[in-house]
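Asker: Take this structure, written in structure tokens, and hold onto it; I'll ask about it next.
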Amino acid sequence: MGRYLLRRLLLLLPVMWGVSTLVFLLIHLTPGDPVEVMLGEAALPAAREALRQSLRLDRPLPEQYLFFLHGLVTGDLGTSLFSREPVFARLLQALPATAELAVAGLGMALMIAVPLGTVAAVRRGSGLDHGSRFVALLGVSVPNFVLAPLLILAFAIELNWLPVSGRGGLGHLVLPALTLGMAFAGILSRMVRASLLEVLGQDYIRAARAKGLSERRVILRHGLMASVIPVITIVGLQFGALLSGAIITETIFAWPGLGRLTLQAIQARDYPLVQGCVLVISFGYVLVNTATDLLYAYVDPRIRYE
């Protein structure tokens, strides 16, 4: 396991370098002059030149790339043009809120999807199965920007159970986590159902039943545990997507996280801050997928031997 872990961590370094290079190229090779976009067409030439020098955009592209890599290694991602704070400090302020929301959204999705998918698989063809699949389809079909206002109207305005926006106690987390987790729950419940149905048809499941084990133990102990690998795949991929998908949810609920910060940076034309936000979201996606690979090896030892 130690060698497998070391190999995966070593492979992580070129992936991170490739992602950072891609982000740099996408930002710097986009058509148009970023200085003109940030200052507007009416800006004085002296102001444009000063901003271009402060961003090092007057240097050749290879030199800009070297400055970018050096800043990435040392944690110096530049200074926000809007707040005049270091970009790295702004990212550190926003990242815990996004991580909290993503973990809560994942937990909400698992609490909905695992029981729903399990019941659908065990009661295949019944009304519960059709109902669970309808709920899954509804969760996938309704976008965040539609679901969030509906939840606010129902639970915050009509029932007055939960706060509308902001980050505070547990009550502030429920609605944005539910909004973020519903689409994930729809995808995950269908995967749990399909994977569990495949496992329940195996010979060792029939043998466990023939030994006299209770149906609950057969399903929970032998069925769900054996069907966990495909589910882990979806969880890993979707959890990375939660980091980028939180932009809409955080904006609607005024959640002070990375997604809302990214949108504010785009609106303010804060070039260094946009680059930092995109980098953190990209790195988060890569790290989550690497953690998923390591979890594979822990759950199924055959993977690390391969």
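Going through the structure tokens in order, the chains are called A, B, and so on, while each chain numbers its residues from 1 and the ligands are numbered from 1 in the order shown.
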Quick one: residues within 9 Å of region 189-200 of chain A, only C-alpha atoms, excluding same-chain residues fewer than 5 positions away - as a PDB file with N, CA and C atoms, in the first residue's frame?
Answerer:
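Generated output (around04.pdb):
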```pdb
ATOM      1  N   ALA A 109     -26.459  14.572   0.033  1.00  0.00           N
ATOM      2  CA  ALA A 109     -26.710  13.686  -1.105  1.00  0.00           C
ATOM      3  C   ALA A 109     -26.651  12.219  -0.696  1.00  0.00           C
ATOM      4  N   LEU A 110     -25.670  11.869   0.138  1.00  0.00           N
ATOM      5  CA  LEU A 110     -25.552  10.473   0.575  1.00  0.00           C
ATOM      6  C   LEU A 110     -26.738  10.066   1.440  1.00  0.00           C
ATOM      7  N   ILE A 112     -29.698  11.076   1.227  1.00  0.00           N
ATOM      8  CA  ILE A 112     -30.877  10.893   0.375  1.00  0.00           C
ATOM      9  C   ILE A 112     -30.695   9.705  -0.569  1.00  0.00           C
ATOM     10  N   ALA A 113     -29.515   9.603  -1.192  1.00  0.00           N
ATOM     11  CA  ALA A 113     -29.322   8.674  -2.296  1.00  0.00           C
ATOM     12  C   ALA A 113     -29.167   7.227  -1.857  1.00  0.00           C
ATOM     13  N   VAL A 114     -28.402   6.974  -0.783  1.00  0.00           N
ATOM     14  CA  VAL A 114     -28.138   5.586  -0.397  1.00  0.00           C
ATOM     15  C   VAL A 114     -29.418   4.869   0.040  1.00  0.00           C
ATOM     16  N   PRO A 115     -30.237   5.435   0.949  1.00  0.00           N
ATOM     17  CA  PRO A 115     -31.503   4.751   1.266  1.00  0.00           C
ATOM     18  C   PRO A 115     -32.438   4.645   0.060  1.00  0.00           C
ATOM     19  N   LEU A 116     -32.482   5.702  -0.763  1.00  0.00           N
ATOM     20  CA  LEU A 116     -33.371   5.703  -1.920  1.00  0.00           C
ATOM     21  C   LEU A 116     -32.961   4.633  -2.929  1.00  0.00           C
ATOM     22  N   GLY A 117     -31.663   4.568  -3.237  1.00  0.00           N
ATOM     23  CA  GLY A 117     -31.185   3.567  -4.188  1.00  0.00           C
ATOM     24  C   GLY A 117     -31.306   2.154  -3.651  1.00  0.00           C
ATOM     25  N   THR A 118     -31.072   1.978  -2.343  1.00  0.00           N
ATOM     26  CA  THR A 118     -31.185   0.643  -1.743  1.00  0.00           C
ATOM     27  C   THR A 118     -32.621   0.138  -1.775  1.00  0.00           C
ATOM     28  N   VAL A 119     -33.555   0.992  -1.403  1.00  0.00           N
ATOM     29  CA  VAL A 119     -34.979   0.598  -1.438  1.00  0.00           C
ATOM     30  C   VAL A 119     -35.414   0.291  -2.865  1.00  0.00           C
ATOM     31  N   ALA A 120     -34.947   1.090  -3.825  1.00  0.00           N
ATOM     32  CA  ALA A 120     -35.316   0.850  -5.220  1.00  0.00           C
ATOM     33  C   ALA A 120     -34.786  -0.486  -5.718  1.00  0.00           C
ATOM     34  N   ALA A 121     -33.578  -0.860  -5.280  1.00  0.00           N
ATOM     35  CA  ALA A 121     -33.012  -2.137  -5.716  1.00  0.00           C
ATOM     36  C   ALA A 121     -33.698  -3.325  -5.045  1.00  0.00           C
ATOM     37  N   VAL A 122     -33.972  -3.201  -3.748  1.00  0.00           N
ATOM     38  CA  VAL A 122     -34.589  -4.305  -3.013  1.00  0.00           C
ATOM     39  C   VAL A 122     -36.031  -4.512  -3.460  1.00  0.00           C
ATOM     40  N   ARG A 124     -37.458  -3.861  -6.404  1.00  0.00           N
ATOM     41  CA  ARG A 124     -37.415  -3.629  -7.848  1.00  0.00           C
ATOM     42  C   ARG A 124     -38.786  -3.886  -8.492  1.00  0.00           C
ATOM     43  N   SER A 132     -38.860   6.234  -6.354  1.00  0.00           N
ATOM     44  CA  SER A 132     -37.477   6.653  -6.114  1.00  0.00           C
ATOM     45  C   SER A 132     -36.803   7.092  -7.403  1.00  0.00           C
ATOM     46  N   ARG A 133     -37.101   6.410  -8.495  1.00  0.00           N
ATOM     47  CA  ARG A 133     -36.522   6.812  -9.773  1.00  0.00           C
ATOM     48  C   ARG A 133     -37.088   8.153 -10.242  1.00  0.00           C
ATOM     49  N   ALA A 136     -35.229  10.723  -8.261  1.00  0.00           N
ATOM     50  CA  ALA A 136     -33.879  10.864  -8.804  1.00  0.00           C
ATOM     51  C   ALA A 136     -33.885  11.684 -10.083  1.00  0.00           C
ATOM     52  N   LEU A 137     -34.849  11.404 -10.962  1.00  0.00           N
ATOM     53  CA  LEU A 137     -34.956  12.163 -12.205  1.00  0.00           C
ATOM     54  C   LEU A 137     -35.269  13.629 -11.937  1.00  0.00           C
ATOM     55  N   PHE A 184     -26.769  15.820  -7.180  1.00  0.00           N
ATOM     56  CA  PHE A 184     -25.833  14.734  -6.890  1.00  0.00           C
ATOM     57  C   PHE A 184     -26.586  13.513  -6.363  1.00  0.00           C
ATOM     58  N   ILE A 205     -24.383 -14.058  -2.789  1.00  0.00           N
ATOM     59  CA  ILE A 205     -25.552 -13.496  -2.112  1.00  0.00           C
ATOM     60  C   ILE A 205     -26.583 -14.597  -1.860  1.00  0.00           C
ATOM     61  N   ARG A 206     -26.786 -15.445  -2.866  1.00  0.00           N
ATOM     62  CA  ARG A 206     -27.704 -16.578  -2.678  1.00  0.00           C
ATOM     63  C   ARG A 206     -27.180 -17.528  -1.611  1.00  0.00           C
ATOM     64  N   VAL A 218     -27.811  -9.413   4.786  1.00  0.00           N
ATOM     65  CA  VAL A 218     -27.358  -9.749   3.423  1.00  0.00           C
ATOM     66  C   VAL A 218     -27.218  -8.486   2.586  1.00  0.00           C
ATOM     67  N   ILE A 219     -28.192  -7.591   2.707  1.00  0.00           N
ATOM     68  CA  ILE A 219     -28.187  -6.378   1.878  1.00  0.00           C
ATOM     69  C   ILE A 219     -27.138  -5.389   2.365  1.00  0.00           C
ATOM     70  N   HIS A 222     -23.311  -7.532   2.911  1.00  0.00           N
ATOM     71  CA  HIS A 222     -22.713  -8.151   1.727  1.00  0.00           C
ATOM     72  C   HIS A 222     -23.046  -7.402   0.439  1.00  0.00           C
ATOM     73  N   GLY A 223     -24.281  -6.907   0.324  1.00  0.00           N
ATOM     74  CA  GLY A 223     -24.674  -6.244  -0.913  1.00  0.00           C
ATOM     75  C   GLY A 223     -24.062  -4.874  -1.086  1.00  0.00           C
ATOM     76  N   LEU A 224     -24.304  -3.979  -0.112  1.00  0.00           N
ATOM     77  CA  LEU A 224     -23.806  -2.613  -0.239  1.00  0.00           C
ATOM     78  C   LEU A 224     -22.280  -2.537  -0.228  1.00  0.00           C
ATOM     79  N   ALA A 226     -20.156  -4.717  -1.309  1.00  0.00           N
ATOM     80  CA  ALA A 226     -19.594  -5.201  -2.573  1.00  0.00           C
ATOM     81  C   ALA A 226     -19.884  -4.266  -3.735  1.00  0.00           C
ATOM     82  N   SER A 227     -20.889  -3.422  -3.598  1.00  0.00           N
ATOM     83  CA  SER A 227     -21.269  -2.526  -4.700  1.00  0.00           C
ATOM     84  C   SER A 227     -20.702  -1.125  -4.525  1.00  0.00           C
ATOM     85  N   VAL A 228     -19.731  -0.951  -3.635  1.00  0.00           N
ATOM     86  CA  VAL A 228     -19.293   0.389  -3.270  1.00  0.00           C
ATOM     87  C   VAL A 228     -18.320   1.001  -4.286  1.00  0.00           C
ATOM     88  N   ILE A 229     -17.591   0.181  -5.066  1.00  0.00           N
ATOM     89  CA  ILE A 229     -16.578   0.730  -5.984  1.00  0.00           C
ATOM     90  C   ILE A 229     -17.190   1.671  -7.030  1.00  0.00           C
ATOM     91  N   PRO A 230     -18.232   1.268  -7.769  1.00  0.00           N
ATOM     92  CA  PRO A 230     -18.828   2.236  -8.722  1.00  0.00           C
ATOM     93  C   PRO A 230     -19.375   3.474  -8.043  1.00  0.00           C
ATOM     94  N   VAL A 231     -19.880   3.313  -6.831  1.00  0.00           N
ATOM     95  CA  VAL A 231     -20.424   4.455  -6.101  1.00  0.00           C
ATOM     96  C   VAL A 231     -19.307   5.423  -5.725  1.00  0.00           C
ATOM     97  N   ILE A 234     -18.437   7.666  -8.672  1.00  0.00           N
ATOM     98  CA  ILE A 234     -19.354   8.785  -8.860  1.00  0.00           C
ATOM     99  C   ILE A 234     -19.159   9.836  -7.774  1.00  0.00           C
TER     100      ILE A 234
END
```
Asker: What's the 12 Å shell around Gly18 (chain A), counting only C-alpha atoms, without same-chain residues fewer than 4 positions away, as an MDAnalysis selection string?
Answerer: chainID A and resid 11:14 22:25 69 279 282:283 286
Asker: How would the residues just picked look written out with C-alpha atoms as a short mmCIF file (atom, residue, chain, number, x, y, z; two decimals), in the first residue's frame?
Answerer:
```
data_model
loop_
_atom_site.label_atom_id
_atom_site.label_comp_id
_atom_site.auth_asym_id
_atom_site.auth_seq_id
_atom_site.Cartn_x
_atom_site.Cartn_y
_atom_site.Cartn_z
CA LEU A 11 2.01 11.17 -10.48
CA LEU A 12 0.10 14.02 -8.87
CA LEU A 13 2.97 16.48 -9.40
CA PRO A 14 2.98 16.51 -13.25
CA LEU A 22 -3.41 25.20 -18.74
CA VAL A 23 -4.97 27.80 -16.44
CA PHE A 24 -2.13 30.23 -17.21
CA LEU A 25 -2.56 29.77 -20.97
CA LEU A 69 5.33 29.34 -11.55
CA LEU A 279 -6.43 27.54 -9.90
CA SER A 282 -8.86 23.08 -10.53
CA PHE A 283 -6.43 21.84 -7.87
CA VAL A 286 -7.43 16.99 -9.06
#
```
Asker: Quick one: residues within 10 Å of Asn144 (chain A), only C-alpha atoms, excluding same-chain residues fewer than 6 positions away - as a PyMOL selection string?
Answerer: chain A and resi 150+176+178-183+245-246+248-249+252
Asker: Mind dumping the selected residues with N, CA and C atoms as a compact mmCIF listing (two decimals), in the first residue's frame?
Answerer:
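This is the output file out_29.txt:
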```txt
# COMPACT_ATOMS: atom_id res chain seq x y z
N LEU A 150 -37.01 28.10 -4.89
CA LEU A 150 -38.17 27.34 -4.40
C LEU A 150 -37.98 26.96 -2.94
N PRO A 176 -28.53 25.79 1.38
CA PRO A 176 -27.52 25.68 0.31
C PRO A 176 -26.98 24.26 0.14
N LEU A 178 -28.66 21.46 0.72
CA LEU A 178 -29.71 20.69 0.05
C LEU A 178 -29.77 21.04 -1.43
N THR A 179 -29.63 22.32 -1.75
CA THR A 179 -29.62 22.75 -3.15
C THR A 179 -28.46 22.12 -3.90
N LEU A 180 -27.29 22.14 -3.28
CA LEU A 180 -26.09 21.61 -3.94
C LEU A 180 -26.13 20.09 -4.04
N GLY A 181 -26.76 19.43 -3.05
CA GLY A 181 -26.72 17.97 -3.01
C GLY A 181 -27.83 17.27 -3.77
N MET A 182 -28.90 17.98 -4.15
CA MET A 182 -30.04 17.30 -4.76
C MET A 182 -29.70 16.68 -6.11
N ALA A 183 -29.02 17.42 -6.97
CA ALA A 183 -28.66 16.87 -8.27
C ALA A 183 -27.70 15.69 -8.11
N GLY A 245 -19.45 23.75 -9.06
CA GLY A 245 -20.88 23.99 -9.15
C GLY A 245 -21.43 24.85 -8.03
N ALA A 246 -20.57 25.15 -7.04
CA ALA A 246 -21.04 25.96 -5.91
C ALA A 246 -21.16 27.44 -6.25
N ILE A 248 -23.12 29.12 -8.37
CA ILE A 248 -24.51 29.59 -8.41
C ILE A 248 -25.13 29.53 -7.02
N THR A 249 -24.92 28.40 -6.34
CA THR A 249 -25.53 28.21 -5.02
C THR A 249 -25.01 29.25 -4.03
N ILE A 252 -26.58 32.73 -4.77
CA ILE A 252 -27.99 32.87 -4.39
C ILE A 252 -28.14 33.01 -2.88
```
Asker: Please determine, counting only C-alpha atoms, which residue among A:Leu101, A:Ile232, A:Leu188, A:Ile157 has the shortest atom-to-atom distance to Glu250 (chain A).
Answerer: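 Nearest to Glu250 (chain A): A:Leu101.
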Asker: So which bits of region 4-215 of chain A end up alpha helix (DSSP H) when you DSSP the backbone, as a PyMOL selection string?
Answerer: chain A and resi 4-28+34-39+45-54+61-74+87-122+127-141+144-151+170-200+203-210+215
Asker: Determine the nearest neighbour of Thr262 (chain A) from the options A:Leu61, A:Ala94, A:Leu81, A:Ala210, counting only C-alpha atoms.
Answerer: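 Counting only C-alpha atoms, the residue closest to Thr262 (chain A) is A:Ala94.
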Asker: Take CA of Leu153 (chain A) and CA of Ala104 (chain A) and report the distance between them in Å, one decimal.
Answerer: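 So the two atoms, CA of Leu153 (chain A) and CA of Ala104 (chain A), lie 21.2 Å apart.
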Asker: Between CA of Thr74 (chain A) and CA of Gly276 (chain A), what distance in Å does the model show, to one decimal?
Answerer: 13.5 Å
Asker: Between CA of Trp161 (chain A) and CA of Phe145 (chain A), what is the spacing in Å?
Answerer: 20.7 Å
Asker: Considering only C-alpha atoms, state which residue in the set A:Ile281, A:Glu49, A:Ala148, A:Met111 is at the smallest distance from Ala99 (chain A).
Answerer: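 With only C-alpha atoms as the atom set, the closest residue is A:Ile281.
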Asker: I want to know what sits within 7 Å of Leu258 (chain A), based on only C-alpha atoms, with residues of the same chain fewer than 2 positions away left out; could you give that as a VMD selection string?
Answerer: chain A and resid 94 to 95 98 260 to 262 277
Asker: Identify which of the residues A:Lys211, A:Asp76, A:His28, A:Ala185 lies closest to Pro60 (chain A), counting only C-alpha atoms when measuring atom-to-atom distances.
Answerer: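 Counting only C-alpha atoms, the residue closest to Pro60 (chain A) is A:His28.
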